[in-house]
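A quick write-up on the structure given underneath.
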Amino acid sequence: MFVVDGIPIDSGTNTQTSFLDGNTESSRFLDIDPNTIASVSVLKGLSATVLYGNRGRNGVILITTKGAATGEAPSKTEVSINQSVFLADAILPKYQDNYGGGFHQGFGYFFSNWGPRFDRTDDDGIAQAAQYVSDGPGGVAILQHPYNFIADPTLIAGFEDLLDDPYPYQPYNGVEEFFRTGYVTSTSINVRGGGERASFNLNYGRTEDIGITPGNTLLRNNFSIGGNARLSNKFTISGVYNFIRTGFKSPPNAVSTGSGAAFNGGAVFGDLLYTPRSVDLTNLPFQAADGRSVYYRSGNDIQNPYWTVENVKTSQDTDRFIGNTSLTYEINDWMNLTYRLGLDTYSEFNFYGQNKGGVDGPVIGLLRTSSVRNTIWNHDLILSADKDLSENLNLKAIAGLNTRRDEFEQDGIESQGQLVFGVLEHFNFTTPSAQNSQTRGSNNPNLNQNFEENLLGAYLDLTLGYKDWLFLNAVGRNDWSSTLERENNSIFYPGASISFVPTSAFEGIQGNFLNYAKIRLGYGSSAGFPLPFTTRSVLGLTSRSLVDLNGNVISSNSVDNTLGNSDLKPERIQEFEIGLDTRLFNRLNLNVSLFDKRTTDLITDRTLDSSTGFTDTTVNIGEIQAQGVEVDFDLAILKEFESGIGINLAGNWTTIETTVTDLADGTNNILLTDAIAEEAANYAVEGRPFGVLLGTDFVFDDDGNRVVNDAGRYLFDPTIREIGDPNPDWQTALIPTITFKNFTLSANVQYRHGGDIYSVTTAALIGRGVVDDDTPIDREANYILPGVQADGSPNDTAISATELGFNTYFGGTINPLSIYDGSTIRLQEASLGYSLPSKMLEKTPFGSLSFTLSGQNLWFKAINFPDNVRYDTNSSSTGVGNGQGIDFFTGPSVRRYGFTVRATF
């Protein structure tokens, strides 16, 4: 949950499609300009987040913008300017350049890379190819151009001059040349000022992000104004108002399992990363005269990636307002009353279009547009008190009422059957529909939707402090939600904590060794509410269901496939936490926390037998337990004022184990995301970590040996079973910082230990032969797979290198062969900054001036992945949600580096 200047904001993703078909919508947190942020703090434990309601159950990120920051205004108006420029590079696999396209060392214009050697030392296999013409300069084999072999001659109309061109059999850099150097420019201008009783802040920011993938761009403009004034009648008024316009464009990236788009969406990476090295992707024409995609295979059954960029487009344009106004009345010197009104509203226009003539997705063309308006009204009435009851006893109290109203409106249309190529307008399509054809599972396909949700909360927070060394806190909140029936729409969730500071309580404990210590013990709870319309079955209306022979329009009603559950109730989350905060040797801050968190009456979708007339329903089943340890520290190794150089090391270490402790009777597992047949997916399984990977497996005999078929290749068992756990065992980060005079050098080094990843990207790159494994397959040798035959005798049937790579590791549908341990070390960020001394600026208009060189995602190594794949374990195909450890060609990771200039006047 994100709270900006005291107001909860929408940071979700208005997902229009399943990730299987290419979900390119962005999170609305993208709208916040980092340059406007004055401070950020994180609330983790439930005992600290109760006041923020049920949406804070997974933690709260509190953001204070410059417009809302309190403190003294500068003596004169101050202008600050930040300007940054960053470049971005794609981190691509390290491709092998020894072999080209084909199978079994024989050449062919196939989409595999198990063909002859380029240097022709393998008995000159290329000279035996039917496409071979002659030898070229340097002994390079010359082939007939691949477009000579396209079965449909109309596809190459206008390209006939290419047919006689020589086509050298050599490695090309088509994948590398497809991506471009991206860049990000960010400009921020901030003006602040005021007087003794009032202050103001103005900000304008502009960010332009040109991505590494052609067609991927983002442009955002942010306007902000804020201020506060202390009036003479004990009133203080303040407000912050943000106006944001964000435009985002990108080719879609639907799921690919290693051969084009797996379903109905466009996939810009689906036939790109494993392009055979002998294919000149850059210089092959990609579009026929009539607009159809054209590529080098004879059946033209692969969509050219350049055609995808040119003809499959998504965009999202958003206008947003985030604002709040608060009025505080000082009742006396220890009590005040505040009313705060918050509004977060945005209008969003989504566009998805594909011209006809493609190979993937809707080949007849598709256009889907939708307009969305999302509004959150937030009202708070807060009574705050801070009273010394005696010399040793202090009471702090907060009592409040909160109402939140969410309004969501969407109107859209999808059209298929394009008439004129290139015109992506609804009037140019033959078949309109009010449903999204790329919505799956339990998601609502209707493009016309309206939701309203109301939440009322009342809360009380009491803290009693004794001599600044003992603190007792009690907090409670009751919520009433409109998404549940009246009998179940109310839930009370309390919290309590105690903190003890022994260094203040006992004389003689505090010293040079132990400077500070605090022991804390807390209990917190929260709730979870379902989405609207889950307690009642929904009746659908189709105004134009069909037209009879007389031209009469027939309307129809239909019951939704999801069965409403009127007995649904809130889920409850409870957490116990114990912690120790210390400061040692006047150099080390060390904080340790242990927690146990349980979720009961979990709200989830449950599949129903089709005989019921429904496919699924929403139910309260199951229990999840999360136990963890968090350690963070800050160590001043050297202090600059003591030694002339400052060396500081900060860091954290976290381990969390989340277990499904209970599911409903008769439920073996629950699928957590959309899934693909014969591919691994995340499930909830009783007694196992949350989100374990279930998938197909080898066939084993009674002794645990893998069984092969008569051809010497492994048999696979389609029955899903557990094949991996995507949850990391533990994670850590180290942030070293060195300061010397006006220089600052800093880095952020991260390590993730464990966590399995099902990587189709890795399997396809190695299995299709474009990337070598750490122990490269000898392509001119035969292999015998370890295992037994059906009769139990040892396997003695040899297979070729192509069968090992292409048919076993890539095309064998045995999921464990694509499972890798996700342990990763990463240089997430590094920076070098320099601030000009104030003496150098005395005769200049600058109040301060600094320069920073920095980079993000500069280096990483997935320790147990093949080195040449250069796989980034931060990649995810399932997007935001319960999916993790699943990779279906997410595209390359990005490295950014650049500089920032900050100046004040």
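In the structure tokens, each chain is lettered A, B, ... as it comes, each chain's residues begin at 1, and ligands are numbered from 1 in order of appearance.
By only C-alpha atoms, and with residues fewer than 5 positions from Gln144 (chain A) along its chain excluded, the set lying at most 7 Å from it is Gln131, Tyr132, Val133, Pro166 and Tyr167 of chain A.
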Take the residues that were just selected and, keeping C-alpha atoms, output them as a tab-separated table (two decimals), in the first residue's frame.
```tsv
chain	number	residue	atom	x	y	z
A	131	GLN	CA	20.82	-24.44	-51.01
A	132	TYR	CA	24.59	-24.35	-51.52
A	133	VAL	CA	25.73	-22.32	-54.57
A	166	PRO	CA	24.28	-14.13	-52.68
A	167	TYR	CA	23.46	-15.16	-49.15
```
_Who sits within 12 Å of Lys467 (chain A), only C-alpha atoms, same chain under 5 positions skipped, as an MDAnalysis selection string_ = chainID A and resid 388:395 472 500:506
All heavy atoms of the current selection, written as a short mmCIF file (atom, residue, chain, number, x, y, z; two decimals), in the first residue's frame:
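Below is the file again26.cif, written as the result:
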```cif
data_model
loop_
_atom_site.label_atom_id
_atom_site.label_comp_id
_atom_site.auth_asym_id
_atom_site.auth_seq_id
_atom_site.Cartn_x
_atom_site.Cartn_y
_atom_site.Cartn_z
N ASP A 388 1.13 15.01 29.03
CA ASP A 388 1.89 14.53 30.17
C ASP A 388 0.94 14.39 31.35
O ASP A 388 0.46 15.39 31.92
CB ASP A 388 3.02 15.49 30.52
CG ASP A 388 4.14 15.45 29.48
OD1 ASP A 388 4.37 14.37 28.90
OD2 ASP A 388 4.77 16.50 29.26
N LEU A 389 0.65 13.14 31.73
CA LEU A 389 -0.27 12.90 32.84
C LEU A 389 0.39 13.19 34.18
O LEU A 389 -0.28 13.52 35.15
CB LEU A 389 -0.77 11.46 32.79
CG LEU A 389 -1.48 11.05 31.49
CD1 LEU A 389 -1.91 9.59 31.56
CD2 LEU A 389 -2.66 11.95 31.19
N SER A 390 1.69 13.00 34.21
CA SER A 390 2.47 13.33 35.40
C SER A 390 3.90 13.57 34.95
O SER A 390 4.20 13.57 33.75
CB SER A 390 2.40 12.18 36.42
OG SER A 390 3.07 11.04 35.92
N GLU A 391 4.80 13.74 35.89
CA GLU A 391 6.19 13.99 35.54
C GLU A 391 6.80 12.82 34.79
O GLU A 391 7.65 12.99 33.93
CB GLU A 391 7.00 14.28 36.81
CG GLU A 391 8.46 14.61 36.54
CD GLU A 391 9.23 14.90 37.81
OE1 GLU A 391 8.59 14.94 38.88
OE2 GLU A 391 10.46 15.07 37.72
N ASN A 392 6.31 11.61 35.07
CA ASN A 392 6.91 10.41 34.49
C ASN A 392 6.02 9.70 33.49
O ASN A 392 6.44 8.71 32.88
CB ASN A 392 7.28 9.41 35.60
CG ASN A 392 8.32 9.97 36.54
OD1 ASN A 392 9.23 10.68 36.12
ND2 ASN A 392 8.17 9.65 37.83
N LEU A 393 4.79 10.19 33.33
CA LEU A 393 3.83 9.44 32.53
C LEU A 393 3.28 10.32 31.41
O LEU A 393 2.84 11.45 31.65
CB LEU A 393 2.68 8.95 33.41
CG LEU A 393 1.89 7.74 32.93
CD1 LEU A 393 2.80 6.53 32.79
CD2 LEU A 393 0.76 7.44 33.92
N ASN A 394 3.33 9.79 30.20
CA ASN A 394 2.84 10.52 29.03
C ASN A 394 1.85 9.66 28.27
O ASN A 394 2.02 8.44 28.15
CB ASN A 394 4.02 10.89 28.10
CG ASN A 394 3.55 11.51 26.79
OD1 ASN A 394 3.36 10.81 25.80
ND2 ASN A 394 3.36 12.83 26.80
N LEU A 395 0.81 10.30 27.75
CA LEU A 395 -0.20 9.60 26.97
C LEU A 395 -0.32 10.26 25.59
O LEU A 395 -0.50 11.47 25.49
CB LEU A 395 -1.56 9.63 27.66
CG LEU A 395 -2.74 9.02 26.88
CD1 LEU A 395 -2.54 7.52 26.69
CD2 LEU A 395 -4.07 9.32 27.56
N LEU A 472 3.71 1.34 26.28
CA LEU A 472 2.61 0.40 26.04
C LEU A 472 1.71 1.00 24.97
O LEU A 472 1.30 2.16 25.07
CB LEU A 472 1.82 0.14 27.31
CG LEU A 472 2.60 -0.43 28.51
CD1 LEU A 472 1.68 -0.52 29.73
CD2 LEU A 472 3.18 -1.79 28.17
N PHE A 500 10.54 -1.71 25.60
CA PHE A 500 11.32 -1.48 26.81
C PHE A 500 12.73 -1.06 26.43
O PHE A 500 13.38 -1.71 25.62
CB PHE A 500 11.35 -2.74 27.68
CG PHE A 500 12.25 -2.64 28.88
CD1 PHE A 500 12.06 -1.65 29.83
CD2 PHE A 500 13.28 -3.55 29.07
CE1 PHE A 500 12.88 -1.55 30.94
CE2 PHE A 500 14.11 -3.47 30.17
CZ PHE A 500 13.91 -2.46 31.11
N VAL A 501 13.20 0.08 27.01
CA VAL A 501 14.51 0.62 26.70
C VAL A 501 15.39 0.47 27.94
O VAL A 501 15.41 1.35 28.83
CB VAL A 501 14.44 2.09 26.26
CG1 VAL A 501 15.82 2.61 25.83
CG2 VAL A 501 13.43 2.27 25.12
N PRO A 502 16.11 -0.64 28.07
CA PRO A 502 16.89 -0.86 29.30
C PRO A 502 18.02 0.14 29.49
O PRO A 502 18.40 0.43 30.64
CB PRO A 502 17.45 -2.28 29.12
CG PRO A 502 17.39 -2.54 27.65
CD PRO A 502 16.21 -1.78 27.15
N THR A 503 18.56 0.69 28.42
CA THR A 503 19.66 1.66 28.56
C THR A 503 19.18 2.95 29.21
O THR A 503 20.00 3.72 29.74
CB THR A 503 20.28 1.96 27.19
OG1 THR A 503 19.23 2.25 26.24
CG2 THR A 503 21.09 0.77 26.69
N SER A 504 17.88 3.22 29.13
CA SER A 504 17.33 4.38 29.84
C SER A 504 16.81 4.01 31.22
O SER A 504 16.73 4.86 32.11
CB SER A 504 16.21 5.02 29.01
OG SER A 504 16.68 5.47 27.77
N ALA A 505 16.43 2.75 31.38
CA ALA A 505 15.82 2.33 32.65
C ALA A 505 16.84 2.08 33.74
O ALA A 505 16.57 2.34 34.93
CB ALA A 505 14.98 1.07 32.43
N PHE A 506 18.01 1.58 33.37
CA PHE A 506 18.99 1.19 34.38
C PHE A 506 20.28 1.98 34.20
O PHE A 506 20.89 1.96 33.12
CB PHE A 506 19.30 -0.31 34.28
CG PHE A 506 18.09 -1.18 34.39
CD1 PHE A 506 17.66 -1.94 33.30
CD2 PHE A 506 17.37 -1.24 35.56
CE1 PHE A 506 16.55 -2.74 33.39
CE2 PHE A 506 16.24 -2.05 35.67
CZ PHE A 506 15.83 -2.80 34.57
#
```
_Calculated over only C-alpha atoms, which of the candidates A:Gly53, A:Gly422, A:Pro285, A:Pro251 has the smallest distance to Leu455 (chain A)?_
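Looking at the shortest contact to Leu455 (chain A), the residue is A:Gly53.
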*DSSP on the backbone: what in region 167-337 of chain A comes out helix (DSSP H, G or I), as a ChimeraX atom specification?*
/A:174-178,281-283,305-311
Keeping only C-alpha atoms, write the selected residues to a file as an mmCIF file, in the first residue's frame.
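Saved result, out36.cif, follows:
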```
data_model
loop_
_atom_site.group_PDB
_atom_site.id
_atom_site.type_symbol
_atom_site.label_atom_id
_atom_site.label_comp_id
_atom_site.auth_asym_id
_atom_site.auth_seq_id
_atom_site.Cartn_x
_atom_site.Cartn_y
_atom_site.Cartn_z
ATOM 1 C CA GLY A 174 20.341 -9.985 -36.024
ATOM 2 C CA VAL A 175 19.239 -10.207 -32.403
ATOM 3 C CA GLU A 176 21.855 -7.722 -31.208
ATOM 4 C CA GLU A 177 20.921 -5.275 -33.971
ATOM 5 C CA PHE A 178 17.201 -5.574 -33.239
ATOM 6 C CA LEU A 281 17.218 -10.784 -39.508
ATOM 7 C CA THR A 282 18.230 -7.133 -39.944
ATOM 8 C CA ASN A 283 18.273 -7.105 -43.742
ATOM 9 C CA PRO A 305 9.760 -9.609 -35.128
ATOM 10 C CA TYR A 306 10.082 -6.417 -37.166
ATOM 11 C CA TRP A 307 6.547 -6.943 -38.483
ATOM 12 C CA THR A 308 5.364 -7.235 -34.878
ATOM 13 C CA VAL A 309 6.987 -3.913 -33.966
ATOM 14 C CA GLU A 310 5.481 -2.202 -37.006
ATOM 15 C CA ASN A 311 1.985 -3.674 -36.880
#
```
Using only C-alpha atoms, which residues sit within 7 Å of Thr673 (chain A) once same-chain residues fewer than 5 positions away are excluded, as a tab-separated table (two decimals) with N, CA, C and O atoms, in the first residue's frame?
```
chain	number	residue	atom	x	y	z
A	682	ASN	N	2.36	-22.08	-10.62
A	682	ASN	CA	2.36	-21.91	-9.16
A	682	ASN	C	1.06	-22.42	-8.57
A	682	ASN	O	-0.03	-22.12	-9.08
A	882	ASN	N	0.35	-13.54	-7.40
A	882	ASN	CA	0.85	-14.69	-6.67
A	882	ASN	C	1.85	-15.52	-7.48
A	882	ASN	O	2.40	-16.48	-6.96
A	883	GLY	N	2.07	-15.17	-8.73
A	883	GLY	CA	2.99	-15.93	-9.55
A	883	GLY	C	4.43	-15.54	-9.28
A	883	GLY	O	4.75	-14.36	-9.10
```
*Neighbours of Ser384 (chain A) within 6 Å (only C-alpha atoms; same-chain residues fewer than 6 positions away dropped), as a PyMOL selection string?*
chain A and resi 335-336+397-398
*Provide the CA of Phe321 (chain A) to CA of Thr345 (chain A) distance in Å, to one decimal place.*
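It comes out at 5.4 Å.
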_Nearby residues (only C-alpha atoms) at most 7 Å from Asn253 (chain A), same-chain spacing under 6 positions excluded, as a PyMOL selection string_ = chain A and resi 22+266-269
*Which of A:Gly247, A:Gly194, A:Gly787, A:Gly651 sits closest to Asn350 (chain A) [using only C-alpha atoms]*: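 Between A:Gly247, A:Gly194, A:Gly787, A:Gly651, the residue approaching Asn350 (chain A) most closely is A:Gly247.
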*Which residue out of A:Asn190, A:Asn705, A:Thr761, A:Ser84 has the minimum interatomic distance to Phe851 (chain A) when only C-alpha atoms are used?*
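Looking only at the distances to Phe851 (chain A), the closest residue turns out to be A:Ser84.
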Could you list, as a compact mmCIF listing (two decimals) with all heavy atoms, in the first residue's frame, every residue within 12 Å of Asn489 (chain A), counting only C-alpha atoms and ignoring same-chain residues fewer than 4 positions away?
```txt
# COMPACT_ATOMS: atom_id res chain seq x y z
N ASN A 454 -17.42 0.79 -1.00
CA ASN A 454 -17.35 1.70 0.14
C ASN A 454 -16.76 0.98 1.34
O ASN A 454 -17.10 -0.18 1.62
CB ASN A 454 -18.74 2.22 0.50
CG ASN A 454 -19.28 3.16 -0.57
OD1 ASN A 454 -18.81 4.29 -0.70
ND2 ASN A 454 -20.27 2.70 -1.33
N LEU A 455 -15.89 1.68 2.04
CA LEU A 455 -15.29 1.14 3.25
C LEU A 455 -15.36 2.21 4.33
O LEU A 455 -14.94 3.35 4.13
CB LEU A 455 -13.84 0.75 3.00
CG LEU A 455 -13.13 0.06 4.16
CD1 LEU A 455 -13.65 -1.38 4.32
CD2 LEU A 455 -11.62 0.03 3.94
N LEU A 456 -15.90 1.82 5.48
CA LEU A 456 -15.99 2.71 6.64
C LEU A 456 -15.14 2.12 7.75
O LEU A 456 -15.26 0.93 8.06
CB LEU A 456 -17.44 2.86 7.10
CG LEU A 456 -17.67 3.62 8.41
CD1 LEU A 456 -17.23 5.07 8.29
CD2 LEU A 456 -19.15 3.54 8.83
N GLY A 457 -14.28 2.95 8.35
CA GLY A 457 -13.43 2.47 9.42
C GLY A 457 -13.41 3.43 10.59
O GLY A 457 -13.46 4.65 10.43
N ASN A 478 -12.12 -1.05 13.38
CA ASN A 478 -13.27 -1.82 12.88
C ASN A 478 -13.62 -1.29 11.50
O ASN A 478 -13.74 -0.07 11.29
CB ASN A 478 -14.48 -1.70 13.81
CG ASN A 478 -15.47 -2.83 13.60
OD1 ASN A 478 -15.48 -3.79 14.36
ND2 ASN A 478 -16.28 -2.75 12.55
N ASP A 479 -13.75 -2.21 10.56
CA ASP A 479 -14.11 -1.85 9.19
C ASP A 479 -15.45 -2.46 8.81
O ASP A 479 -15.80 -3.57 9.24
CB ASP A 479 -13.04 -2.36 8.21
CG ASP A 479 -11.81 -1.47 8.17
OD1 ASP A 479 -11.90 -0.33 8.64
OD2 ASP A 479 -10.77 -1.93 7.65
N TRP A 480 -16.18 -1.72 8.00
CA TRP A 480 -17.41 -2.20 7.38
C TRP A 480 -17.25 -2.07 5.87
O TRP A 480 -16.98 -0.97 5.36
CB TRP A 480 -18.61 -1.39 7.85
CG TRP A 480 -18.94 -1.52 9.30
CD1 TRP A 480 -19.84 -2.36 9.88
CD2 TRP A 480 -18.36 -0.75 10.38
NE1 TRP A 480 -19.87 -2.18 11.24
CE2 TRP A 480 -18.98 -1.20 11.58
CE3 TRP A 480 -17.39 0.24 10.45
CZ2 TRP A 480 -18.66 -0.67 12.82
CZ3 TRP A 480 -17.06 0.77 11.69
CH2 TRP A 480 -17.68 0.32 12.85
N SER A 481 -17.36 -3.19 5.14
CA SER A 481 -17.11 -3.19 3.70
C SER A 481 -18.40 -3.47 2.94
O SER A 481 -19.19 -4.36 3.32
CB SER A 481 -16.06 -4.25 3.34
OG SER A 481 -15.95 -4.39 1.94
N SER A 482 -18.58 -2.76 1.84
CA SER A 482 -19.78 -2.95 1.02
C SER A 482 -19.69 -4.15 0.10
O SER A 482 -20.67 -4.49 -0.57
CB SER A 482 -20.04 -1.69 0.18
OG SER A 482 -18.99 -1.51 -0.78
N THR A 483 -18.52 -4.82 0.04
CA THR A 483 -18.39 -5.95 -0.88
C THR A 483 -18.83 -7.27 -0.25
O THR A 483 -18.74 -8.32 -0.89
CB THR A 483 -16.93 -6.10 -1.35
OG1 THR A 483 -16.09 -6.37 -0.23
CG2 THR A 483 -16.47 -4.83 -2.04
N LEU A 484 -19.31 -7.21 0.99
CA LEU A 484 -19.82 -8.39 1.66
C LEU A 484 -21.27 -8.17 2.06
O LEU A 484 -21.73 -7.03 2.20
CB LEU A 484 -18.98 -8.72 2.91
CG LEU A 484 -17.54 -9.19 2.64
CD1 LEU A 484 -16.73 -9.14 3.91
CD2 LEU A 484 -17.54 -10.60 2.05
N GLU A 485 -21.98 -9.27 2.29
CA GLU A 485 -23.36 -9.17 2.74
C GLU A 485 -23.40 -8.60 4.16
O GLU A 485 -22.41 -8.67 4.90
CB GLU A 485 -24.03 -10.55 2.69
CG GLU A 485 -24.07 -11.17 1.30
CD GLU A 485 -24.87 -10.33 0.31
OE1 GLU A 485 -25.89 -9.73 0.71
OE2 GLU A 485 -24.46 -10.26 -0.86
N ALA A 527 -7.30 -7.31 8.01
CA ALA A 527 -8.38 -8.02 7.33
C ALA A 527 -8.19 -7.91 5.83
O ALA A 527 -7.40 -7.11 5.32
CB ALA A 527 -9.74 -7.43 7.75
N GLY A 528 -8.91 -8.76 5.14
CA GLY A 528 -8.93 -8.70 3.69
C GLY A 528 -10.36 -8.85 3.20
O GLY A 528 -11.12 -9.69 3.72
N PHE A 529 -10.73 -8.02 2.23
CA PHE A 529 -12.08 -8.06 1.71
C PHE A 529 -12.07 -8.47 0.24
O PHE A 529 -11.10 -8.22 -0.48
CB PHE A 529 -12.75 -6.69 1.85
CG PHE A 529 -12.92 -6.24 3.27
CD1 PHE A 529 -12.11 -5.25 3.81
CD2 PHE A 529 -13.88 -6.81 4.07
CE1 PHE A 529 -12.26 -4.83 5.11
CE2 PHE A 529 -14.05 -6.40 5.39
CZ PHE A 529 -13.24 -5.41 5.91
N PRO A 530 -13.14 -9.08 -0.24
CA PRO A 530 -13.17 -9.53 -1.64
C PRO A 530 -13.47 -8.37 -2.58
O PRO A 530 -13.84 -7.27 -2.17
CB PRO A 530 -14.31 -10.55 -1.65
CG PRO A 530 -15.25 -10.06 -0.58
CD PRO A 530 -14.36 -9.48 0.50
N THR A 535 -20.26 -12.02 -3.96
CA THR A 535 -21.24 -12.67 -3.07
C THR A 535 -22.55 -12.99 -3.78
O THR A 535 -23.38 -13.69 -3.20
CB THR A 535 -21.53 -11.78 -1.86
OG1 THR A 535 -22.13 -10.55 -2.30
CG2 THR A 535 -20.25 -11.47 -1.08
N SER A 566 -22.88 -15.99 -0.93
CA SER A 566 -23.42 -15.02 0.03
C SER A 566 -22.84 -15.22 1.43
O SER A 566 -22.98 -14.34 2.28
CB SER A 566 -24.95 -15.12 0.08
OG SER A 566 -25.35 -16.42 0.47
N ASP A 567 -22.21 -16.37 1.68
CA ASP A 567 -21.64 -16.63 3.00
C ASP A 567 -20.18 -16.18 3.11
O ASP A 567 -19.54 -16.41 4.14
CB ASP A 567 -21.71 -18.14 3.31
CG ASP A 567 -23.15 -18.63 3.46
OD1 ASP A 567 -23.98 -17.85 3.94
OD2 ASP A 567 -23.42 -19.78 3.05
N LEU A 568 -19.68 -15.55 2.10
CA LEU A 568 -18.28 -15.10 2.11
C LEU A 568 -18.06 -14.10 3.24
O LEU A 568 -18.91 -13.25 3.52
CB LEU A 568 -17.95 -14.45 0.77
CG LEU A 568 -16.48 -14.35 0.38
CD1 LEU A 568 -15.87 -15.74 0.23
CD2 LEU A 568 -16.34 -13.56 -0.91
N LYS A 569 -16.93 -14.22 3.92
CA LYS A 569 -16.61 -13.32 5.02
C LYS A 569 -15.18 -12.82 4.87
O LYS A 569 -14.42 -13.33 4.06
CB LYS A 569 -16.80 -14.03 6.36
CG LYS A 569 -15.99 -15.31 6.52
CD LYS A 569 -16.34 -16.01 7.83
CE LYS A 569 -15.55 -17.31 8.00
NZ LYS A 569 -15.90 -18.00 9.26
N PRO A 570 -14.79 -11.81 5.66
CA PRO A 570 -13.44 -11.27 5.52
C PRO A 570 -12.39 -12.30 5.91
O PRO A 570 -12.62 -13.16 6.77
CB PRO A 570 -13.40 -10.08 6.48
CG PRO A 570 -14.83 -9.79 6.79
CD PRO A 570 -15.57 -11.08 6.68
N GLU A 571 -11.25 -12.21 5.27
CA GLU A 571 -10.12 -13.00 5.75
C GLU A 571 -9.43 -12.23 6.87
O GLU A 571 -9.46 -10.99 6.90
CB GLU A 571 -9.15 -13.33 4.61
CG GLU A 571 -8.50 -12.15 3.95
CD GLU A 571 -7.61 -12.56 2.77
OE1 GLU A 571 -7.87 -13.62 2.17
OE2 GLU A 571 -6.68 -11.81 2.45
```
_Long-range neighbours of Gln170 (chain A) as number ranges by chain, 8 Å cut-off, only C-alpha atoms, 6 positions minimum in chain_ = A: 100, 118, 140-141, 277-278
Only N, CA, C and O atoms, please: the residues just picked out, written as a compact mmCIF listing (two decimals), in the first residue's frame.
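again29.txt was written with the following content:
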```
# COMPACT_ATOMS: atom_id res chain seq x y z
N GLY A 100 25.36 -22.91 -37.56
CA GLY A 100 24.22 -22.20 -38.10
C GLY A 100 22.96 -23.04 -38.10
O GLY A 100 22.85 -24.05 -37.39
N PHE A 118 30.28 -23.04 -39.35
CA PHE A 118 30.59 -21.94 -40.26
C PHE A 118 31.98 -22.09 -40.85
O PHE A 118 32.22 -21.70 -42.00
N VAL A 140 33.89 -18.55 -47.42
CA VAL A 140 32.53 -18.55 -46.88
C VAL A 140 31.58 -19.15 -47.90
O VAL A 140 31.60 -18.78 -49.09
N ALA A 141 30.74 -20.08 -47.47
CA ALA A 141 29.78 -20.71 -48.37
C ALA A 141 28.70 -19.71 -48.77
O ALA A 141 28.19 -18.96 -47.94
N ARG A 277 21.72 -18.28 -35.91
CA ARG A 277 22.81 -17.35 -36.15
C ARG A 277 23.04 -17.11 -37.64
O ARG A 277 23.64 -16.11 -38.02
N SER A 278 22.59 -18.00 -38.50
CA SER A 278 22.79 -17.85 -39.94
C SER A 278 21.67 -17.06 -40.61
O SER A 278 21.65 -16.95 -41.84
```
*as a ChimeraX atom specification, list the residues of region 722-848 of chain A assigned to strand (DSSP E or B) by DSSP on the backbone atoms of this structure.*
/A:722-724,730-740,743-753,756-759,782-783,788,794,799-800,819-821,824-835,848
*Go through A:Asn668, A:Asn355, A:Thr873, A:Ser848 and flag the residue nearest Ser80 (chain A), using only C-alpha atoms for the distances.*
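When distances to Ser80 (chain A) are compared using only C-alpha atoms, the smallest one comes from A:Ser848.
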*Option closest in space to Asn512 (chain A), from A:Thr732, A:Asn586, A:Asn795, A:Ser823 [counting only C-alpha atoms]*: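 Ranking A:Thr732, A:Asn586, A:Asn795, A:Ser823 by distance to Asn512 (chain A), first place goes to A:Asn586.
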*Of the candidates A:His426, A:Lys249, A:Arg368, A:Arg477, which one gets nearest to Ala399 (chain A) if we count only C-alpha atoms?*
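So, comparing all the options, the nearest one is A:Arg477.
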